[in-house]
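Before any comments, here is the structure.
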Amino acid sequence: MIAERYLHKVYGGWLGKIIGVRHGAPIEGWSYEQIQDEFGDIKTYLKCVENFAADDDLNGPIFFLKSLIDYPSGSLTPREMGYHLLNYVPDGHGFFWWGGYGVSSEHTAYLNLKSRIDAPLSGSSNLNGKVVSQQIGGQIFSDVWGLVCPGHPSKAAQLAGMMSSVTHDGEAVYGGKFIAACVAAAFEAESVQEIIGEALSVIPSKSQYATMIRELMEFHSLNKDDWRSCFQLVQRNFGYDHYPGNCHVIPNAAIVVLSLLYSNGEFSKGINIGNMCGWDTDCNAGNIGMILGVFTGPEMIDEKWKTPIRDIVVCSSVVGSENIVDVPSLTNTTAYLGNRLMRGESTRCPQKLDFSKRVFDFELPGSLHGFRGRDNNNGKVKLVNTDEIVLSGKRALKVIYTDTGRSTEYQCFYKTYYSPEEFDDNRYEPGFSPLIVGGQTLKFHVFFPDFQGIEGTVSIYIKDYYSQSNYHSNAYSIKEGEWVEIIYTIPFLDSVCIEEIGVQCNLAQSPISNFYFYVDTVTIEGKPDYYLSFDKAVVENWSATQKEISQFTYLRGSWELEDGHLAGSFYNESAEIYTGDVYWKDYEFEVNFMPVNGYDHHILFRVQGAMKSYKAGFSRDHLVIYKKQNHALYTLKSIPYQWQPEEYVNLKVIVSKHQISVFLEGKKIVEIQDEERPYLSGMIGFGNDGASRTKYKDFRLKCF
């Protein structure tokens, strides 16, 4: 398989997954009869939304895949995958369905893992019972492993089996293996029957799961055109009434298999049948969509499905800067990991990814990277991936404005931050850290065709979430017929949250006809210089019980804004809250804060998730530096220091490679070297422990 074909099929798989989940979400839990009465034959999305919020079906695959980044593939076991889950999943909110211990498989396994019950015991029937351990979650999160094992169903099944065993067991693990193997087989198979046949070989032949598949395949061989009759068979033999629990894997797996068989390999037909069958529609359509997206490739997915998702997916992990994901970049990362995992196979692209910067290159056919457009007269805007005019590579973005009337201002932009008001559905409560901050550099390349006869300027702009004000780079005169490179290094800014970046064209007069230009190779990179005073922050209410502090995601604890401060506390575990990027390396992090109650008050640095970080601050009558590594908390340094409650403290940490220096009130107090598996990059944050309460006034982060 050549590299380009592999990339395109991975892109098709991710598009198919996201489309399927979005398609099924509005009727999740509905019965076949309810759907028929309300909608009849389904042919397109059932609900139009501006932005589709986080969903557990997407959280799991996107973040579980990162285990191939965080751990060398040869060292991955269920135990490490359990640690990986704990590292990215917030405690009791977002990401999963938190239905309670003994009810929700994922919630049960999470509490087991947190209590140091390692995987695979954490998800086992021996501990949790067959009902909890054999629900659908082992299947819905597992398709991603097929994307990194193209043409190798058995390898995909091996990885899926390990990850699904963290939270599930038995038939649910077989479901994870089967779905992953389907995706892997879809890269090279010539029919859906071949996909199912290859995947069937990776699970025990006498399992209930395998028995169900064979029965459906036999029925289909005799009744190739009537999926509704096949669904009646599913209802009789494999319906919800046959299996205990809230959402058992077997009934929903039957819908996936049925939909694949009767799709005849057609993407739209497959996800529509899956939706019309009912039950766990977003999960089922998501699995169907990824399998058929790989099988057909992105070019066979109709634009009616692709256009509304904008090439963007939103997640709800504890790492806010990774909760806004553009699908082409996700595709490149997946292909890189697939190449590394299957080294020696002919999946040779891309060779290397630089996680320290973001690049939007529009190279995948149809890709938009989440960019949008607007003008100042509410005209129509269409964004198209094109090969008409390019700066480098094979493709670029064409931004077309029509019916603009007297418009003279045109923007093409990318959302780098979202608020709750921008979503129609927030069941899985995402939280965000801005993807760009002060001090970093933006670069756009823009081309204006030479026959439009326009005059004006073009500049880069950023938009502040708090004030809704725009900041602009220097303006460049529009030069028709040639590419213009625009560079903007964002200056130090006082307490802003950049929610949007873009390029803005200001024309001397309204164009006589339609107006368009091209964009290619947009980059975000450079050294952050980031300041926030918490009297500028706001509380974001995602639901009656879920709130976030703007620019932050939290692991656990009560976090609120109080008298212009960020205040946090919790009763029996560490309260932690984070912002920034896990790829920030060397920096100084300075904080003004006040211990209010209790004995444990910290600032966090080089945070790589909930299980990997450093923290410095006060513990009882000592100044301490801790290192958190999975369940362990190591004391790197502890010196006597008598601090006072209700008094402000200025604490600064400087990290450079292995070296950690701590300053109090401007004076260096501690300097150490961490030579044993040090964390060399990470976010920043705040935390306390032991029924403590801490108020944080402001902070500044400056990378060097």
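For the structure tokens, the naming scheme is as follows: chains receive sequential letters (A, B, ...) according to their order of presentation, residues are indexed from 1 within each chain, and ligands are indexed from 1 in presentation order.
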
With a cut-off of 9 Å, could you pull out the residues of region 374-463 of chain A touching region 541-554 of chain A and give me the nearest pair of atoms for each, distance in Å to one decimal, using only C-alpha atoms, ordered by chain and ascending number, as a tab-separated table?
```
residue	atom	partner	partner_atom	distance
A:Tyr417	CA	A:Gln551	CA	8.2
A:Ser419	CA	A:Ser550	CA	8.3
A:Pro420	CA	A:Trp542	CA	5.7
A:Glu421	CA	A:Trp542	CA	8.5
A:Asn426	CA	A:Trp542	CA	6.6
A:Arg427	CA	A:Ser543	CA	8.2
A:Glu429	CA	A:Trp542	CA	5.9
A:Pro430	CA	A:Trp542	CA	8.1
A:Gly431	CA	A:Thr553	CA	5.4
A:Phe432	CA	A:Gln551	CA	5.7
A:Ser433	CA	A:Gln551	CA	4.4
A:Pro434	CA	A:Gln551	CA	6.2
```

Those same residues, written as a PDB file, in the first residue's frame with N, CA and C atoms?
```pdb
ATOM      1  N   TYR A 417     -10.524  28.460  20.403  1.00  0.00           N
ATOM      2  CA  TYR A 417     -11.135  28.344  21.724  1.00  0.00           C
ATOM      3  C   TYR A 417     -12.650  28.370  21.534  1.00  0.00           C
ATOM      4  N   SER A 419     -16.648  28.417  23.695  1.00  0.00           N
ATOM      5  CA  SER A 419     -17.405  28.622  24.929  1.00  0.00           C
ATOM      6  C   SER A 419     -18.654  27.742  24.890  1.00  0.00           C
ATOM      7  N   PRO A 420     -19.292  27.495  26.026  1.00  0.00           N
ATOM      8  CA  PRO A 420     -20.484  26.627  26.044  1.00  0.00           C
ATOM      9  C   PRO A 420     -21.595  27.112  25.123  1.00  0.00           C
ATOM     10  N   GLU A 421     -21.735  28.421  24.971  1.00  0.00           N
ATOM     11  CA  GLU A 421     -22.823  28.970  24.163  1.00  0.00           C
ATOM     12  C   GLU A 421     -22.725  28.584  22.691  1.00  0.00           C
ATOM     13  N   ASN A 426     -23.987  19.310  24.966  1.00  0.00           N
ATOM     14  CA  ASN A 426     -22.738  19.217  25.728  1.00  0.00           C
ATOM     15  C   ASN A 426     -22.815  18.134  26.798  1.00  0.00           C
ATOM     16  N   ARG A 427     -23.332  16.978  26.411  1.00  0.00           N
ATOM     17  CA  ARG A 427     -23.464  15.883  27.384  1.00  0.00           C
ATOM     18  C   ARG A 427     -22.132  15.478  27.994  1.00  0.00           C
ATOM     19  N   GLU A 429     -19.412  17.509  28.282  1.00  0.00           N
ATOM     20  CA  GLU A 429     -18.782  18.693  28.865  1.00  0.00           C
ATOM     21  C   GLU A 429     -17.310  18.879  28.519  1.00  0.00           C
ATOM     22  N   PRO A 430     -17.021  19.375  27.325  1.00  0.00           N
ATOM     23  CA  PRO A 430     -15.624  19.662  27.003  1.00  0.00           C
ATOM     24  C   PRO A 430     -15.120  20.878  27.768  1.00  0.00           C
ATOM     25  N   GLY A 431     -13.825  20.998  27.861  1.00  0.00           N
ATOM     26  CA  GLY A 431     -13.181  22.192  28.397  1.00  0.00           C
ATOM     27  C   GLY A 431     -11.971  22.473  27.530  1.00  0.00           C
ATOM     28  N   PHE A 432     -11.540  23.726  27.479  1.00  0.00           N
ATOM     29  CA  PHE A 432     -10.505  24.088  26.516  1.00  0.00           C
ATOM     30  C   PHE A 432      -9.442  24.991  27.129  1.00  0.00           C
ATOM     31  N   SER A 433      -8.242  24.837  26.615  1.00  0.00           N
ATOM     32  CA  SER A 433      -7.186  25.830  26.766  1.00  0.00           C
ATOM     33  C   SER A 433      -6.919  26.375  25.377  1.00  0.00           C
ATOM     34  N   PRO A 434      -6.656  27.667  25.246  1.00  0.00           N
ATOM     35  CA  PRO A 434      -6.458  28.238  23.908  1.00  0.00           C
ATOM     36  C   PRO A 434      -5.281  27.593  23.193  1.00  0.00           C
TER      37      PRO A 434
END
```

Region 117-126 of chain A: which residues within 7 Å, counting only C-alpha atoms, same-chain residues fewer than 6 positions away excluded, as a ChimeraX atom specification? /A:78-79,82,109,133,165-169

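From CA of Asp282 (chain A) back to CA of Gly12 (chain A), the distance works out to 17.6 Å.
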
Enumerate, as a compact mmCIF listing (two decimals) with C-alpha atoms, in the first residue's frame, the complete set of residues in region 601-631 of chain A that a backbone-based DSSP assignment places in strand (DSSP E).
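part.txt written:
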```txt
# COMPACT_ATOMS: atom_id res chain seq x y z
CA HIS A 601 -0.71 24.33 48.38
CA HIS A 602 1.08 23.99 45.04
CA ILE A 603 1.71 25.17 41.53
CA LEU A 604 2.03 22.48 38.84
CA PHE A 605 4.44 22.43 35.92
CA ARG A 606 5.40 20.16 33.05
CA VAL A 607 2.02 18.54 33.45
CA GLN A 608 1.51 15.76 30.91
CA GLY A 609 -1.85 14.70 32.27
CA LYS A 612 2.40 12.78 35.13
CA SER A 613 3.55 16.13 36.51
CA TYR A 614 5.76 18.10 38.86
CA LYS A 615 4.52 20.37 41.60
CA ALA A 616 6.20 22.86 43.88
CA GLY A 617 4.84 24.63 46.93
CA PHE A 618 4.05 24.12 50.59
CA SER A 619 3.34 20.95 52.50
CA HIS A 622 8.15 22.62 54.29
CA LEU A 623 8.81 23.88 50.80
CA VAL A 624 8.59 20.82 48.56
CA ILE A 625 9.07 19.66 44.99
CA TYR A 626 7.09 16.56 44.06
CA LYS A 627 7.03 14.35 41.00
CA LYS A 628 3.84 12.46 40.21
CA GLN A 629 4.35 9.27 38.23
```

Using only C-alpha atoms, determine which residues lie at most 10 Å from His369 (chain A), disregarding the query and same-chain residues fewer than 6 positions distant; provide the list as a PyMOL selection string. chain A and resi 310-312+325-330+359-363+385+397+414

Write out the residues from the selection above, keeping C-alpha atoms, as a compact mmCIF listing (two decimals), in the first residue's frame.
```
# COMPACT_ATOMS: atom_id res chain seq x y z
CA ARG A 310 -15.99 21.35 9.20
CA ASP A 311 -13.06 18.93 9.59
CA ILE A 312 -13.17 19.49 13.37
CA VAL A 325 -8.76 18.51 16.96
CA ASP A 326 -8.71 19.15 13.24
CA VAL A 327 -9.25 15.92 11.34
CA PRO A 328 -6.39 16.22 8.80
CA SER A 329 -3.87 16.73 11.61
CA LEU A 330 -5.38 13.77 13.46
CA VAL A 359 0.58 23.17 10.63
CA PHE A 360 -2.48 23.42 8.38
CA ASP A 361 -1.39 22.43 4.87
CA PHE A 362 -4.69 21.39 3.17
CA GLU A 363 -2.89 18.52 1.43
CA ASN A 385 -10.08 22.36 -1.08
CA LEU A 397 -7.79 26.28 0.44
CA TYR A 414 -9.88 29.19 12.65
```

Quick one: of A:His8, A:Lys697, A:His23, A:Arg372, who's nearest to Lys304 (chain A), counting only C-alpha atoms? A:His23

Give me the region 260-305 of chain A side of the contact with region 34-42 of chain A, cut-off 12 Å, one line per residue showing its nearest atom pair and distance in Å at one decimal, counting only C-alpha atoms, sorted by chain and residue number, as a tab-separated table.
```
residue	atom	partner	partner_atom	distance
A:Ser268	CA	A:Ile42	CA	9.9
A:Lys269	CA	A:Ile42	CA	9.4
A:Gly270	CA	A:Ile42	CA	11.1
A:Ile271	CA	A:Ile42	CA	9.5
A:Asn272	CA	A:Ile42	CA	5.9
A:Ile273	CA	A:Ile42	CA	8.0
A:Gly274	CA	A:Ile42	CA	10.0
A:Asn275	CA	A:Ile42	CA	7.7
A:Met276	CA	A:Ile35	CA	6.3
A:Cys277	CA	A:Ile35	CA	8.0
A:Gly278	CA	A:Ile35	CA	7.0
A:Trp279	CA	A:Ile35	CA	10.0
A:Thr281	CA	A:Ile35	CA	10.8
```

Shell of 12 Å around Tyr696 (chain A), only C-alpha atoms, local chain residues under 3 positions omitted, as a PyMOL selection string: chain A and resi 532-535+537+559-569+577+590-596+601-603+646-651+685-688+693+699-700

Convert the current residue selection to file output with N, CA and C atoms, as a tab-separated table (two decimals), in the first residue's frame.
```tsv
chain	number	residue	atom	x	y	z
A	532	LEU	N	-2.11	35.91	32.82
A	532	LEU	CA	-3.54	35.99	33.14
A	532	LEU	C	-3.73	36.43	34.58
A	533	SER	N	-4.53	37.47	34.75
A	533	SER	CA	-5.03	37.86	36.07
A	533	SER	C	-6.43	37.28	36.20
A	534	PHE	N	-6.70	36.58	37.27
A	534	PHE	CA	-7.96	35.86	37.37
A	534	PHE	C	-9.17	36.77	37.55
A	535	ASP	N	-8.97	38.05	37.75
A	535	ASP	CA	-10.13	38.93	37.76
A	535	ASP	C	-10.70	39.15	36.35
A	537	ALA	N	-10.88	36.34	34.23
A	537	ALA	CA	-11.43	35.04	33.84
A	537	ALA	C	-12.93	34.99	34.11
A	559	TRP	N	-13.55	24.25	41.89
A	559	TRP	CA	-12.80	25.39	41.38
A	559	TRP	C	-13.77	26.50	41.00
A	560	GLU	N	-13.52	27.69	41.53
A	560	GLU	CA	-14.42	28.81	41.28
A	560	GLU	C	-13.63	30.11	41.29
A	561	LEU	N	-14.29	31.16	40.81
A	561	LEU	CA	-13.71	32.50	40.87
A	561	LEU	C	-14.29	33.23	42.07
A	562	GLU	N	-13.39	33.73	42.91
A	562	GLU	CA	-13.81	34.34	44.17
A	562	GLU	C	-12.99	35.60	44.41
A	563	ASP	N	-13.64	36.74	44.40
A	563	ASP	CA	-12.96	38.03	44.65
A	563	ASP	C	-11.77	38.24	43.72
A	564	GLY	N	-11.96	37.91	42.44
A	564	GLY	CA	-10.90	38.11	41.47
A	564	GLY	C	-9.78	37.10	41.54
A	565	HIS	N	-9.99	35.99	42.24
A	565	HIS	CA	-9.00	34.92	42.37
A	565	HIS	C	-9.58	33.60	41.87
A	566	LEU	N	-8.70	32.71	41.46
A	566	LEU	CA	-9.07	31.32	41.26
A	566	LEU	C	-8.94	30.62	42.60
A	567	ALA	N	-10.02	30.03	43.09
A	567	ALA	CA	-10.02	29.36	44.39
A	567	ALA	C	-10.36	27.90	44.19
A	568	GLY	N	-9.58	27.01	44.83
A	568	GLY	CA	-9.79	25.59	44.68
A	568	GLY	C	-9.66	24.83	45.97
A	569	SER	N	-10.44	23.74	46.07
A	569	SER	CA	-10.37	22.88	47.26
A	569	SER	C	-10.99	21.54	46.93
A	577	ILE	N	-6.01	21.60	38.47
A	577	ILE	CA	-6.57	22.31	37.33
A	577	ILE	C	-5.41	22.74	36.43
A	590	GLU	N	5.60	31.87	36.94
A	590	GLU	CA	5.55	32.69	38.16
A	590	GLU	C	4.10	32.91	38.57
A	591	VAL	N	3.83	32.71	39.88
A	591	VAL	CA	2.46	32.74	40.38
A	591	VAL	C	2.41	33.54	41.68
A	592	ASN	N	1.36	34.34	41.83
A	592	ASN	CA	1.03	34.99	43.11
A	592	ASN	C	-0.20	34.30	43.68
A	593	PHE	N	-0.05	33.73	44.86
A	593	PHE	CA	-1.18	33.00	45.44
A	593	PHE	C	-1.21	33.15	46.95
A	594	MET	N	-2.33	32.68	47.54
A	594	MET	CA	-2.52	32.78	48.99
A	594	MET	C	-3.04	31.46	49.54
A	595	PRO	N	-2.28	30.79	50.43
A	595	PRO	CA	-2.84	29.65	51.14
A	595	PRO	C	-3.95	30.13	52.09
A	596	VAL	N	-5.11	29.53	52.02
A	596	VAL	CA	-6.24	29.97	52.84
A	596	VAL	C	-6.47	29.01	53.99
A	601	HIS	N	-0.38	23.34	49.41
A	601	HIS	CA	-0.71	24.33	48.38
A	601	HIS	C	0.42	24.35	47.35
A	602	HIS	N	0.04	24.18	46.04
A	602	HIS	CA	1.08	23.99	45.04
A	602	HIS	C	0.78	24.72	43.73
A	603	ILE	N	1.85	24.88	42.94
A	603	ILE	CA	1.71	25.17	41.53
A	603	ILE	C	2.25	23.96	40.77
A	646	GLU	N	-3.23	32.96	54.71
A	646	GLU	CA	-3.84	34.28	54.47
A	646	GLU	C	-2.81	35.34	54.09
A	647	GLU	N	-1.62	34.92	53.65
A	647	GLU	CA	-0.62	35.87	53.18
A	647	GLU	C	-0.20	35.49	51.75
A	648	TYR	N	-0.07	36.52	50.90
A	648	TYR	CA	0.33	36.27	49.51
A	648	TYR	C	1.77	35.77	49.43
A	649	VAL	N	1.98	34.90	48.48
A	649	VAL	CA	3.30	34.34	48.21
A	649	VAL	C	3.58	34.50	46.72
A	650	ASN	N	4.81	34.90	46.38
A	650	ASN	CA	5.25	34.91	45.00
A	650	ASN	C	6.18	33.71	44.81
A	651	LEU	N	5.75	32.77	44.00
A	651	LEU	CA	6.49	31.54	43.77
A	651	LEU	C	6.78	31.42	42.27
A	685	GLY	N	-0.30	24.48	35.91
A	685	GLY	CA	-1.56	24.35	36.63
A	685	GLY	C	-1.42	24.67	38.10
A	686	PHE	N	-2.48	24.36	38.83
A	686	PHE	CA	-2.55	24.66	40.26
A	686	PHE	C	-3.19	23.48	40.98
A	687	GLY	N	-2.88	23.34	42.28
A	687	GLY	CA	-3.47	22.23	43.02
A	687	GLY	C	-3.21	22.32	44.50
A	688	ASN	N	-3.97	21.52	45.24
A	688	ASN	CA	-3.75	21.37	46.67
A	688	ASN	C	-4.25	20.00	47.11
A	693	ARG	N	-7.51	24.78	50.94
A	693	ARG	CA	-8.12	25.75	50.02
A	693	ARG	C	-7.06	26.80	49.70
A	699	PHE	N	-0.81	34.70	37.09
A	699	PHE	CA	0.39	33.95	36.74
A	699	PHE	C	0.96	34.50	35.44
A	700	ARG	N	2.24	34.17	35.22
A	700	ARG	CA	2.87	34.44	33.94
A	700	ARG	C	3.73	33.25	33.57
```

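Nearest residue to Gly373 (chain A), choosing from A:Met81, A:Val662, A:Val399, A:Ile672 and counting only C-alpha atoms: A:Val399.
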
Give me the residues near His107 (chain A) as a ChimeraX atom specification, where near means some atom within 10 Å (using only C-alpha atoms) and where sequence neighbours in that chain fewer than 2 positions away do not count. /A:91-93,96-105,109-113,167

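Every protein or nucleic acid residue with an atom no more than 8 Å from Cys283 (chain A), counting only C-alpha atoms and leaving out same-chain residues fewer than 2 positions away, appears here: Gly20, Val21, Gly24, Asp57, Ile140, Asp280, Thr281, Ala285, Gly286 and Asn287 of chain A.
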
Using only C-alpha atoms, which residues sit within 12 Å of Thr307 (chain A) once same-chain residues fewer than 6 positions away are excluded, as an MDAnalysis selection string? chainID A and resid 15 18:19 45 48:51 301 366:372 382:385
